[in-house]
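Trainee: Quick one, entry-v2.pdb (PDB, C-alpha atoms):
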```pdb
ATOM      1  CA  MET A1056      56.885   5.604  -1.373
ATOM      2  CA  PRO A1057      57.355   7.360  -4.720
ATOM      3  CA  GLU A1058      54.169   8.454  -6.419
ATOM      4  CA  TYR A1059      54.744   6.425  -9.603
ATOM      5  CA  ILE A1060      54.752   3.115  -7.736
ATOM      6  CA  CYS A1061      51.449   3.942  -6.010
ATOM      7  CA  ARG A1062      49.663   4.700  -9.266
ATOM      8  CA  ILE A1063      47.290   2.085 -10.602
ATOM      9  CA  GLY A1064      46.354   1.573 -14.201
ATOM     10  CA  LYS A1065      43.120   2.003 -16.087
ATOM     11  CA  THR A1066      40.584  -0.792 -16.147
ATOM     12  CA  ILE A1067      38.718  -1.890 -19.271
ATOM     13  CA  GLU A1068      35.872   0.500 -18.323
ATOM     14  CA  ASP A1069      38.169   3.537 -18.621
ATOM     15  CA  LEU A1070      39.528   2.642 -22.050
ATOM     16  CA  LYS A1071      38.201   3.905 -25.365
ATOM     17  CA  PRO A1072      39.541   3.555 -28.919
ATOM     18  CA  GLY A1073      41.645   6.568 -29.872
ATOM     19  CA  GLN A1074      43.204   7.156 -26.431
ATOM     20  CA  LYS A1075      46.901   7.914 -26.652
ATOM     21  CA  ALA A1076      49.914   8.028 -24.361
ATOM     22  CA  THR A1077      53.629   8.580 -24.829
ATOM     23  CA  LEU A1078      56.747   7.738 -22.863
ATOM     24  CA  SER A1079      60.350   8.715 -23.643
ATOM     25  CA  LYS A1080      63.612   7.221 -22.526
ATOM     26  CA  THR A1081      67.248   7.798 -23.410
ATOM     27  CA  VAL A1082      69.022   4.491 -23.972
ATOM     28  CA  SER A1083      72.427   4.542 -22.290
ATOM     29  CA  GLU A1084      75.343   2.230 -22.920
ATOM     30  CA  ALA A1085      74.987   0.868 -19.376
ATOM     31  CA  ASP A1086      71.365  -0.115 -20.159
ATOM     32  CA  ILE A1087      72.537  -2.180 -23.122
ATOM     33  CA  TYR A1088      75.321  -3.983 -21.266
ATOM     34  CA  MET A1089      73.090  -4.808 -18.312
ATOM     35  CA  TYR A1090      70.326  -5.972 -20.612
ATOM     36  CA  LEU A1091      72.701  -8.216 -22.572
ATOM     37  CA  GLY A1092      74.056  -9.606 -19.317
ATOM     38  CA  ILE A1093      70.574 -10.488 -18.111
ATOM     39  CA  THR A1094      69.519 -12.275 -21.290
ATOM     40  CA  GLY A1095      72.951 -13.617 -22.328
ATOM     41  CA  ASP A1096      72.441 -12.293 -25.859
ATOM     42  CA  LEU A1097      76.074 -11.799 -26.914
ATOM     43  CA  ASN A1098      75.585 -10.731 -30.512
ATOM     44  CA  PRO A1099      78.671  -8.817 -31.790
ATOM     45  CA  LEU A1100      76.244  -6.471 -33.543
ATOM     46  CA  PHE A1101      75.439  -5.073 -30.094
ATOM     47  CA  LEU A1102      78.889  -5.352 -28.503
ATOM     48  CA  ASP A1103      81.689  -5.384 -31.041
ATOM     49  CA  GLU A1104      82.326  -1.993 -32.651
ATOM     50  CA  THR A1105      84.979  -3.407 -35.016
ATOM     51  CA  TYR A1106      82.598  -6.009 -36.375
ATOM     52  CA  ALA A1107      79.550  -3.746 -36.447
ATOM     53  CA  ARG A1108      81.415  -1.086 -38.455
ATOM     54  CA  HIS A1109      81.656  -3.575 -41.321
ATOM     55  CA  THR A1110      77.949  -4.326 -41.412
ATOM     56  CA  ARG A1111      75.158  -2.300 -43.017
ATOM     57  CA  PHE A1112      74.651  -0.511 -39.693
ATOM     58  CA  LYS A1113      78.180   1.006 -39.623
ATOM     59  CA  GLY A1114      78.334   0.683 -35.854
ATOM     60  CA  THR A1115      76.825  -1.117 -32.871
ATOM     61  CA  ILE A1116      73.060  -1.010 -32.409
ATOM     62  CA  VAL A1117      70.631  -1.525 -29.546
ATOM     63  CA  PRO A1118      68.924  -4.963 -29.395
ATOM     64  CA  GLY A1119      65.471  -4.877 -30.932
ATOM     65  CA  VAL A1120      63.946  -6.619 -27.929
ATOM     66  CA  PHE A1121      65.276  -3.829 -25.746
ATOM     67  CA  THR A1122      63.246  -1.285 -27.746
ATOM     68  CA  ALA A1123      60.325  -3.679 -27.460
ATOM     69  CA  GLY A1124      60.909  -3.539 -23.693
ATOM     70  CA  LEU A1125      60.472   0.223 -23.803
ATOM     71  CA  VAL A1126      57.110  -0.305 -25.519
ATOM     72  CA  THR A1127      56.057  -2.717 -22.772
ATOM     73  CA  ALA A1128      57.222  -0.137 -20.225
ATOM     74  CA  ALA A1129      54.999   2.509 -21.846
ATOM     75  CA  ILE A1130      52.053   0.082 -21.753
ATOM     76  CA  ASP A1131      52.718  -0.907 -18.134
ATOM     77  CA  MET A1132      53.322   2.647 -16.915
ATOM     78  CA  GLU A1133      51.006   4.838 -19.007
ATOM     79  CA  LEU A1134      48.294   3.164 -21.048
ATOM     80  CA  PRO A1135      46.497   1.108 -19.699
ATOM     81  CA  GLY A1136      49.019   1.507 -16.841
ATOM     82  CA  PRO A1137      50.295  -0.472 -13.837
ATOM     83  CA  GLY A1138      48.765  -3.932 -13.466
ATOM     84  CA  THR A1139      48.493  -4.605 -17.210
ATOM     85  CA  VAL A1140      49.278  -8.113 -18.468
ATOM     86  CA  THR A1141      50.613  -8.460 -22.020
ATOM     87  CA  VAL A1142      49.296 -11.527 -23.832
ATOM     88  CA  PHE A1143      50.496 -11.063 -27.403
ATOM     89  CA  GLN A1144      52.911  -8.787 -29.217
ATOM     90  CA  ASP A1145      54.011  -8.347 -32.805
ATOM     91  CA  PHE A1146      56.848  -5.910 -33.490
ATOM     92  CA  CYS A1147      58.634  -4.823 -36.662
ATOM     93  CA  TYR A1148      62.018  -3.191 -36.272
ATOM     94  CA  ARG A1149      62.188  -0.458 -38.920
ATOM     95  CA  ASN A1150      65.438   1.351 -38.210
ATOM     96  CA  PRO A1151      68.364   0.787 -35.842
ATOM     97  CA  VAL A1152      68.455   2.412 -32.392
ATOM     98  CA  ARG A1153      71.878   3.544 -31.141
ATOM     99  CA  SER A1154      73.086   4.060 -27.625
ATOM    100  CA  ASP A1155      72.302   7.626 -26.409
ATOM    101  CA  ASP A1156      69.205   7.811 -28.649
ATOM    102  CA  THR A1157      66.036   9.033 -26.992
ATOM    103  CA  VAL A1158      63.211   6.691 -27.899
ATOM    104  CA  THR A1159      59.658   8.017 -27.680
ATOM    105  CA  THR A1160      56.915   5.401 -27.638
ATOM    106  CA  GLU A1161      53.391   6.308 -28.645
ATOM    107  CA  ILE A1162      50.572   3.955 -27.693
ATOM    108  CA  THR A1163      47.118   4.217 -29.269
ATOM    109  CA  VAL A1164      44.096   2.171 -28.219
ATOM    110  CA  GLU A1165      42.684   0.511 -31.343
ATOM    111  CA  LYS A1166      40.036  -1.880 -30.060
ATOM    112  CA  VAL A1167      38.453  -2.583 -26.695
ATOM    113  CA  ASP A1168      36.969  -6.027 -26.039
ATOM    114  CA  LYS A1169      35.061  -5.811 -22.756
ATOM    115  CA  GLU A1170      33.966  -9.461 -22.771
ATOM    116  CA  LYS A1171      37.503 -10.829 -22.937
ATOM    117  CA  ASN A1172      38.964  -7.895 -20.923
ATOM    118  CA  GLU A1173      41.465  -7.273 -23.731
ATOM    119  CA  VAL A1174      42.640  -4.195 -25.612
ATOM    120  CA  LEU A1175      44.419  -3.997 -28.940
ATOM    121  CA  LEU A1176      47.128  -1.339 -28.842
ATOM    122  CA  HIS A1177      49.029   0.135 -31.766
ATOM    123  CA  CYS A1178      52.567   1.120 -30.826
ATOM    124  CA  ILE A1179      55.178   3.187 -32.612
ATOM    125  CA  CYS A1180      58.638   4.234 -31.462
ATOM    126  CA  LYS A1181      60.581   7.169 -32.856
ATOM    127  CA  ASN A1182      64.068   8.399 -32.114
ATOM    128  CA  GLN A1183      65.005  12.013 -31.302
ATOM    129  CA  GLU A1184      65.104  12.861 -35.023
ATOM    130  CA  GLY A1185      61.591  11.563 -35.581
ATOM    131  CA  THR A1186      62.714   8.440 -37.476
ATOM    132  CA  LEU A1187      60.409   5.459 -37.032
ATOM    133  CA  VAL A1188      62.357   2.703 -35.279
ATOM    134  CA  LEU A1189      59.638   0.274 -34.255
ATOM    135  CA  GLU A1190      56.047  -0.385 -35.196
ATOM    136  CA  GLY A1191      53.798  -3.002 -33.770
ATOM    137  CA  GLU A1192      50.669  -4.269 -32.118
ATOM    138  CA  VAL A1193      50.078  -5.563 -28.638
ATOM    139  CA  ILE A1194      47.119  -7.336 -27.078
ATOM    140  CA  ALA A1195      46.977  -6.612 -23.353
ATOM    141  CA  LYS A1196      44.679  -7.304 -20.433
ATOM    142  CA  PRO A1197      44.195  -4.161 -18.318
ATOM    143  CA  ARG A1198      44.226  -4.339 -14.519
ATOM    144  CA  PRO A1199      41.287  -6.452 -13.307
ATOM    145  CA  LEU A1200      38.439  -4.460 -11.738
ATOM    146  CA  HIS A1201      38.833  -5.999  -8.279
ATOM    147  CA  ALA A1202      42.619  -5.598  -7.834
ATOM    148  CA  LYS A1203      43.455  -2.366  -6.031
ATOM    149  CA  LYS A1204      46.844  -1.202  -4.924
ATOM    150  CA  GLY A1205      47.256  -1.322  -1.168
ATOM    151  CA  ASP A1206      44.473  -3.685  -0.147
ATOM    152  CA  GLY A1207      46.668  -6.724  -0.133
ATOM    153  CA  LYS A1208      47.080  -6.634   3.638
TER     154      LYS A1208
ATOM    155  CA  MET B 931      84.598  -9.093 -49.978
ATOM    156  CA  HIS B 932      84.548 -12.755 -49.033
ATOM    157  CA  SER B 933      87.167 -14.762 -47.324
ATOM    158  CA  GLY B 934      87.171 -18.435 -46.700
ATOM    159  CA  ARG B 935      88.847 -17.871 -43.404
ATOM    160  CA  LYS B 936      86.616 -17.331 -40.430
ATOM    161  CA  PHE B 937      88.400 -14.634 -38.528
ATOM    162  CA  LEU B 938      85.636 -13.507 -36.280
ATOM    163  CA  HIS B 939      83.515 -16.160 -34.705
ATOM    164  CA  LEU B 940      80.339 -15.446 -36.609
ATOM    165  CA  GLY B 941      77.216 -17.520 -36.986
ATOM    166  CA  LYS B 942      75.917 -19.405 -39.983
ATOM    167  CA  THR B 943      75.252 -17.606 -43.243
ATOM    168  CA  ILE B 944      71.990 -18.204 -45.074
ATOM    169  CA  ASP B 945      73.562 -20.915 -47.277
ATOM    170  CA  GLU B 946      74.395 -23.010 -44.237
ATOM    171  CA  ILE B 947      70.861 -22.984 -42.816
ATOM    172  CA  ASN B 948      68.128 -25.462 -43.679
ATOM    173  CA  VAL B 949      64.494 -25.831 -42.750
ATOM    174  CA  GLY B 950      64.246 -27.989 -39.646
ATOM    175  CA  ASP B 951      67.520 -26.873 -38.026
ATOM    176  CA  ARG B 952      67.092 -26.673 -34.263
ATOM    177  CA  ALA B 953      68.821 -25.217 -31.240
ATOM    178  CA  GLU B 954      68.004 -24.749 -27.589
ATOM    179  CA  LEU B 955      69.240 -22.702 -24.669
ATOM    180  CA  SER B 956      68.321 -22.679 -20.980
ATOM    181  CA  LYS B 957      68.561 -19.984 -18.350
ATOM    182  CA  THR B 958      67.301 -19.603 -14.809
ATOM    183  CA  ILE B 959      65.557 -16.287 -14.241
ATOM    184  CA  SER B 960      66.611 -14.795 -10.918
ATOM    185  CA  SER B 961      64.841 -12.024  -9.042
ATOM    186  CA  THR B 962      67.940  -9.882  -9.680
ATOM    187  CA  ASP B 963      67.275 -10.239 -13.403
ATOM    188  CA  ILE B 964      63.737  -8.964 -12.888
ATOM    189  CA  TYR B 965      64.740  -5.995 -10.710
ATOM    190  CA  LEU B 966      67.566  -4.996 -13.062
ATOM    191  CA  TYR B 967      65.257  -5.316 -16.031
ATOM    192  CA  ALA B 968      62.573  -3.173 -14.364
ATOM    193  CA  GLY B 969      65.166  -0.516 -13.545
ATOM    194  CA  ILE B 970      66.697  -0.467 -17.024
ATOM    195  CA  THR B 971      63.456  -0.103 -18.956
ATOM    196  CA  GLY B 972      61.572   1.857 -16.285
ATOM    197  CA  ASP B 973      58.822  -0.766 -16.329
ATOM    198  CA  LEU B 974      57.620  -0.632 -12.703
ATOM    199  CA  ASN B 975      54.489  -2.709 -13.165
ATOM    200  CA  PRO B 976      53.326  -3.927  -9.705
ATOM    201  CA  LEU B 977      52.738  -7.295 -11.367
ATOM    202  CA  TYR B 978      56.529  -7.813 -11.402
ATOM    203  CA  LEU B 979      57.461  -6.097  -8.146
ATOM    204  CA  ASP B 980      54.614  -5.847  -5.663
ATOM    205  CA  TRP B 981      53.482  -8.828  -3.530
ATOM    206  CA  ASN B 982      50.567  -6.871  -2.021
ATOM    207  CA  TYR B 983      49.165  -6.161  -5.439
ATOM    208  CA  THR B 984      49.705  -9.593  -7.005
ATOM    209  CA  GLU B 985      48.057 -11.334  -4.041
ATOM    210  CA  LYS B 986      44.796  -9.801  -5.227
ATOM    211  CA  THR B 987      45.213 -10.972  -8.827
ATOM    212  CA  HIS B 988      44.895 -14.509 -10.173
ATOM    213  CA  PHE B 989      48.707 -14.722 -10.359
ATOM    214  CA  ARG B 990      48.955 -14.768  -6.506
ATOM    215  CA  ALA B 991      52.648 -13.767  -6.592
ATOM    216  CA  PRO B 992      54.873 -11.549  -8.769
ATOM    217  CA  ILE B 993      55.667 -12.767 -12.294
ATOM    218  CA  ALA B 994      58.595 -12.074 -14.601
ATOM    219  CA  PRO B 995      58.077  -9.537 -17.411
ATOM    220  CA  GLY B 996      57.037 -11.391 -20.561
ATOM    221  CA  ILE B 997      59.554  -9.486 -22.631
ATOM    222  CA  LEU B 998      62.345 -10.932 -20.495
ATOM    223  CA  THR B 999      61.384 -14.398 -21.766
ATOM    224  CA  CYS B1000      61.436 -12.920 -25.297
ATOM    225  CA  GLY B1001      64.962 -11.699 -24.597
ATOM    226  CA  LEU B1002      65.991 -15.250 -23.709
ATOM    227  CA  ALA B1003      64.442 -16.479 -26.955
ATOM    228  CA  ASP B1004      66.452 -13.877 -28.872
ATOM    229  CA  ALA B1005      69.605 -15.042 -27.114
ATOM    230  CA  VAL B1006      69.190 -18.408 -28.897
ATOM    231  CA  LEU B1007      69.350 -16.563 -32.217
ATOM    232  CA  ALA B1008      72.561 -14.718 -31.396
ATOM    233  CA  ASN B1009      74.265 -17.604 -29.586
ATOM    234  CA  LYS B1010      73.237 -20.664 -31.576
ATOM    235  CA  LEU B1011      70.917 -20.427 -34.559
ATOM    236  CA  PRO B1012      71.848 -18.729 -36.894
ATOM    237  CA  GLY B1013      74.500 -17.408 -34.496
ATOM    238  CA  ALA B1014      76.455 -14.241 -33.880
ATOM    239  CA  GLY B1015      75.898 -11.337 -36.243
ATOM    240  CA  CYS B1016      72.239 -12.023 -37.065
ATOM    241  CA  ILE B1017      69.719  -9.193 -37.350
ATOM    242  CA  THR B1018      66.141  -9.503 -36.107
ATOM    243  CA  VAL B1019      63.592  -7.826 -38.349
ATOM    244  CA  ARG B1020      60.233  -8.845 -36.977
ATOM    245  CA  GLU B1021      59.029 -10.681 -33.902
ATOM    246  CA  LYS B1022      55.736 -12.107 -32.729
ATOM    247  CA  PHE B1023      55.257 -13.489 -29.240
ATOM    248  CA  LYS B1024      52.355 -15.026 -27.418
ATOM    249  CA  PHE B1025      52.569 -15.419 -23.644
ATOM    250  CA  LEU B1026      50.928 -18.624 -22.544
ATOM    251  CA  HIS B1027      51.855 -19.114 -18.898
ATOM    252  CA  PRO B1028      53.389 -16.881 -16.209
ATOM    253  CA  VAL B1029      57.141 -17.136 -15.514
ATOM    254  CA  ARG B1030      58.365 -16.671 -11.915
ATOM    255  CA  SER B1031      61.744 -15.828 -10.544
ATOM    256  CA  GLY B1032      63.655 -19.070 -10.004
ATOM    257  CA  ASP B1033      62.130 -20.713 -13.076
ATOM    258  CA  THR B1034      64.501 -22.266 -15.587
ATOM    259  CA  ILE B1035      63.378 -21.401 -19.087
ATOM    260  CA  THR B1036      64.412 -23.593 -21.998
ATOM    261  CA  THR B1037      63.861 -22.076 -25.418
ATOM    262  CA  ASP B1038      63.618 -24.388 -28.365
ATOM    263  CA  ALA B1039      64.144 -22.698 -31.747
ATOM    264  CA  GLU B1040      63.399 -24.280 -35.107
ATOM    265  CA  VAL B1041      63.907 -22.926 -38.623
ATOM    266  CA  MET B1042      60.537 -22.926 -40.380
ATOM    267  CA  ASP B1043      61.412 -21.143 -43.611
ATOM    268  CA  VAL B1044      64.549 -20.120 -45.500
ATOM    269  CA  ASN B1045      64.137 -17.384 -48.092
ATOM    270  CA  ARG B1046      67.478 -17.293 -49.902
ATOM    271  CA  GLU B1047      66.386 -14.588 -52.345
ATOM    272  CA  ARG B1048      65.641 -12.079 -49.616
ATOM    273  CA  GLY B1049      68.311 -13.489 -47.300
ATOM    274  CA  ARG B1050      65.854 -14.037 -44.470
ATOM    275  CA  ILE B1051      64.870 -16.986 -42.335
ATOM    276  CA  THR B1052      61.849 -17.558 -40.116
ATOM    277  CA  VAL B1053      62.500 -19.143 -36.737
ATOM    278  CA  LYS B1054      59.783 -20.505 -34.479
ATOM    279  CA  PHE B1055      60.248 -20.450 -30.712
ATOM    280  CA  LYS B1056      58.762 -22.576 -27.989
ATOM    281  CA  SER B1057      59.790 -21.846 -24.411
ATOM    282  CA  TYR B1058      59.167 -24.213 -21.517
ATOM    283  CA  ASN B1059      59.704 -23.923 -17.782
ATOM    284  CA  GLN B1060      61.373 -26.609 -15.625
ATOM    285  CA  ALA B1061      58.025 -28.430 -15.231
ATOM    286  CA  GLY B1062      57.658 -28.711 -19.001
ATOM    287  CA  VAL B1063      54.815 -26.175 -19.209
ATOM    288  CA  GLN B1064      54.945 -24.056 -22.351
ATOM    289  CA  VAL B1065      55.280 -20.400 -21.369
ATOM    290  CA  LEU B1066      55.895 -18.716 -24.700
ATOM    291  CA  GLU B1067      55.282 -19.243 -28.377
ATOM    292  CA  GLY B1068      56.895 -16.981 -30.921
ATOM    293  CA  GLU B1069      58.177 -16.379 -34.380
ATOM    294  CA  SER B1070      61.074 -14.261 -35.552
ATOM    295  CA  VAL B1071      62.184 -13.122 -39.004
ATOM    296  CA  VAL B1072      65.973 -12.985 -38.993
ATOM    297  CA  ILE B1073      68.732 -11.942 -41.396
ATOM    298  CA  PRO B1074      71.723 -14.235 -40.695
ATOM    299  CA  ALA B1075      75.248 -12.756 -40.475
ATOM    300  CA  GLU B1076      75.868 -10.979 -43.753
ATOM    301  CA  ARG B1077      79.546 -11.606 -44.312
ATOM    302  CA  ARG B1078      82.688 -12.399 -42.479
ATOM    303  CA  LEU B1079      85.398  -9.909 -41.755
ATOM    304  CA  THR B1080      88.409 -10.837 -43.890
ATOM    305  CA  ALA B1081      91.675 -11.635 -42.172
ATOM    306  CA  LEU B1082      93.246  -8.507 -43.630
ATOM    307  CA  GLU B1083      90.436  -6.234 -42.456
ATOM    308  CA  ALA B1084      90.548  -7.680 -38.987
ATOM    309  CA  VAL B1085      94.307  -7.204 -38.709
ATOM    310  CA  TRP B1086      94.025  -3.660 -40.073
ATOM    311  CA  GLU B1087      91.381  -2.841 -37.476
ATOM    312  CA  GLY B1088      93.835  -3.752 -34.756
ATOM    313  CA  PHE B1089      96.015  -0.705 -35.508
TER     314      PHE B1089
END
```
Would you mind writing the structure in this file as structure tokens?
Mentor:
Amino acid sequence: MPEYICRIGKTIEDLKPGQKATLSKTVSEADIYMYLGITGDLNPLFLDETYARHTRFKGTIVPGVFTAGLVTAAIDMELPGPGTVTVFQDFCYRNPVRSDDTVTTEITVEKVDKEKNEVLLHCICKNQEGTLVLEGEVIAKPRPLHAKKGDGK
Amino acid sequence: MHSGRKFLHLGKTIDEINVGDRAELSKTISSTDIYLYAGITGDLNPLYLDWNYTEKTHFRAPIAPGILTCGLADAVLANKLPGAGCITVREKFKFLHPVRSGDTITTDAEVMDVNRERGRITVKFKSYNQAGVQVLEGESVVIPAERRLTALEAVWEGF
């Protein structure tokens, strides 16, 4: 089994304010079409080049929620890592993401609440030119202390 | 700039939207949706994919990524209210109950505020599963479709 599936995330005990993690992904056109097919979000702003060229964006853009999905991926894969449950998220979309852009997500731990087993994470996404595309906050519950990968059987 | 003729099938403009307008949309989430989603975003959380792991958590079985339910909520914006061509500026979501594959999610959207000066509306979401349990609560700030492509522009684009 690949190594990344076997990894388990940090628990609340391992998390401290100021910890950081990043994850990058290039958004391909196929990603966008599959994503739109899954959700049924047929906005011409994402699909129709002719229409989108006449808007302020001057071309098709990537759905905001898709970029938000990359943030969730960074939270679930890097910090706190696999097993994390997201309970609340608040995202502002600052600039459009285009297909073929490489989006780098940076997660910073802001607050750790051991009693509620919750962390407040500050998230920013930048494209390959360093332009801020997304900014937001997420409240997540890290992997519970008792759940360990592989002892399900 | 403006044409009375609706050439492209675009959604409502800000002048056609009022506080209290509602729309809803349903979709069944299949396990294919979840696997495709995990592959596209690279989000391989065992919570969505691994039965062995989830058995040990209070969820007991894999759940659907929360952001997938958000995507369904956003689909209401583009498909119904305000409709095609809208731009999402800000989104807040609170996940209240786990969603499983096979669940049918109905998202109910309601316009809470219309700011005609800034050209923005605030839409509130409530998503329910087939048993009527609320799974998601959210709020989105949206810019409705800015303008319609004139007939002449649309024809010109065809060449």
Trainee: One decimal, Å: what's the distance from CA of Thr1160 in chain A over to CA of Val1140 in chain A, could you say?
Mentor: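 About the pair CA of Thr1160 in chain A and CA of Val1140 in chain A: they are 18.0 Å apart.
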Trainee: Can you list every residue of range 1106-1147 of chain A that has an atom at most 7 Å from range 1005-1021 of chain B, with its nearest atom pair and the distance in Å to one decimal, using only C-alpha atoms, ordered by chain then number, as CSV?
Mentor:
```
residue,atom,partner,partner_atom,distance
A:Gly1119,CA,B:Thr1018,CA,7.0
A:Asp1145,CA,B:Glu1021,CA,5.6
A:Phe1146,CA,B:Glu1021,CA,5.3
A:Cys1147,CA,B:Arg1020,CA,4.3
```
Trainee: Can you list, as a ChimeraX atom specification, every protein, DNA or RNA residue that comes within 9 Å of range 1176-1185 of chain A when you count all atoms listed in the file, leaving out same-chain residues fewer than 2 positions away?
Mentor: /A:1122,1125-1126,1130,1146,1152,1156-1166,1174,1187-1195
Trainee: Taking the file as shown, find all residues satisfying the ChimeraX specification (/A :<7) & /B and write them as an MDAnalysis selection string.
Mentor: chainID B and resid 963 967 970:977 982:983 985:987 997 1001:1002 1004:1005 1008:1009 1014:1015 1018:1025 1087
Trainee: Do you know which residues are at most 8 Å from range 1044-1050 of chain B counting only C-alpha atoms, after dropping those on the same chain fewer than 4 positions away, and could you put them as a ChimeraX atom specification?
Mentor: /B:944-945,947-949,1071-1074
Trainee: Can I get the selected residues back with C-alpha atoms, as an mmCIF file, in the coordinates of the input?
Mentor:
```
data_model
loop_
_atom_site.group_PDB
_atom_site.id
_atom_site.type_symbol
_atom_site.label_atom_id
_atom_site.label_comp_id
_atom_site.auth_asym_id
_atom_site.auth_seq_id
_atom_site.Cartn_x
_atom_site.Cartn_y
_atom_site.Cartn_z
ATOM 1 C CA ILE B 944 71.990 -18.204 -45.074
ATOM 2 C CA ASP B 945 73.562 -20.915 -47.277
ATOM 3 C CA ILE B 947 70.861 -22.984 -42.816
ATOM 4 C CA ASN B 948 68.128 -25.462 -43.679
ATOM 5 C CA VAL B 949 64.494 -25.831 -42.750
ATOM 6 C CA VAL B 1071 62.184 -13.122 -39.004
ATOM 7 C CA VAL B 1072 65.973 -12.985 -38.993
ATOM 8 C CA ILE B 1073 68.732 -11.942 -41.396
ATOM 9 C CA PRO B 1074 71.723 -14.235 -40.695
#
```
Trainee: Just give me the gap between CA of Asp1168 in chain A and CA of Asp1069 in chain A in Å, one decimal is fine.
Mentor: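 So the answer is 12.2 Å.
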Trainee: For the structure shown, which residues end up in the PyMOL selection byres ((chain B and resi 1065) around 10)? Put them as a PDB file with C-alpha atoms, in the coordinates of the input, please?
Mentor:
```pdb
ATOM      1  CA  GLY B 996      57.037 -11.391 -20.561  1.00  0.00           C
ATOM      2  CA  THR B 999      61.384 -14.398 -21.766  1.00  0.00           C
ATOM      3  CA  LYS B1024      52.355 -15.026 -27.418  1.00  0.00           C
ATOM      4  CA  PHE B1025      52.569 -15.419 -23.644  1.00  0.00           C
ATOM      5  CA  LEU B1026      50.928 -18.624 -22.544  1.00  0.00           C
ATOM      6  CA  HIS B1027      51.855 -19.114 -18.898  1.00  0.00           C
ATOM      7  CA  PRO B1028      53.389 -16.881 -16.209  1.00  0.00           C
ATOM      8  CA  VAL B1029      57.141 -17.136 -15.514  1.00  0.00           C
ATOM      9  CA  ILE B1035      63.378 -21.401 -19.087  1.00  0.00           C
ATOM     10  CA  THR B1036      64.412 -23.593 -21.998  1.00  0.00           C
ATOM     11  CA  THR B1037      63.861 -22.076 -25.418  1.00  0.00           C
ATOM     12  CA  LYS B1056      58.762 -22.576 -27.989  1.00  0.00           C
ATOM     13  CA  SER B1057      59.790 -21.846 -24.411  1.00  0.00           C
ATOM     14  CA  TYR B1058      59.167 -24.213 -21.517  1.00  0.00           C
ATOM     15  CA  ASN B1059      59.704 -23.923 -17.782  1.00  0.00           C
ATOM     16  CA  GLY B1062      57.658 -28.711 -19.001  1.00  0.00           C
ATOM     17  CA  VAL B1063      54.815 -26.175 -19.209  1.00  0.00           C
ATOM     18  CA  GLN B1064      54.945 -24.056 -22.351  1.00  0.00           C
ATOM     19  CA  LEU B1066      55.895 -18.716 -24.700  1.00  0.00           C
ATOM     20  CA  GLU B1067      55.282 -19.243 -28.377  1.00  0.00           C
TER      21      GLU B1067
END
```
Trainee: Here's a test: counting only C-alpha atoms, identify every protein, DNA and RNA residue with an atom at most 6 Å from (61.2, -20.4, -41.7) in the file's coordinate frame, and state them as number ranges by chain.
Mentor: B: 1041-1044, 1051-1053
Trainee: Would you mind reading off the distance between CA of Thr1034 in chain B and CA of Asp980 in chain B, one decimal, in Å?
Mentor: 21.6 Å
Trainee: Could you write out as lines of an AutoDock Vina configuration file the box around range 1069-1078 of chain A (axis-aligned, all atoms listed in the file, 5 Å on each side), with centre and edge lengths in Å to one decimal?
Mentor:
```
center_x = 47.5
center_y = 5.6
center_z = -24.2
size_x = 28.6
size_y = 15.9
size_z = 21.3
```
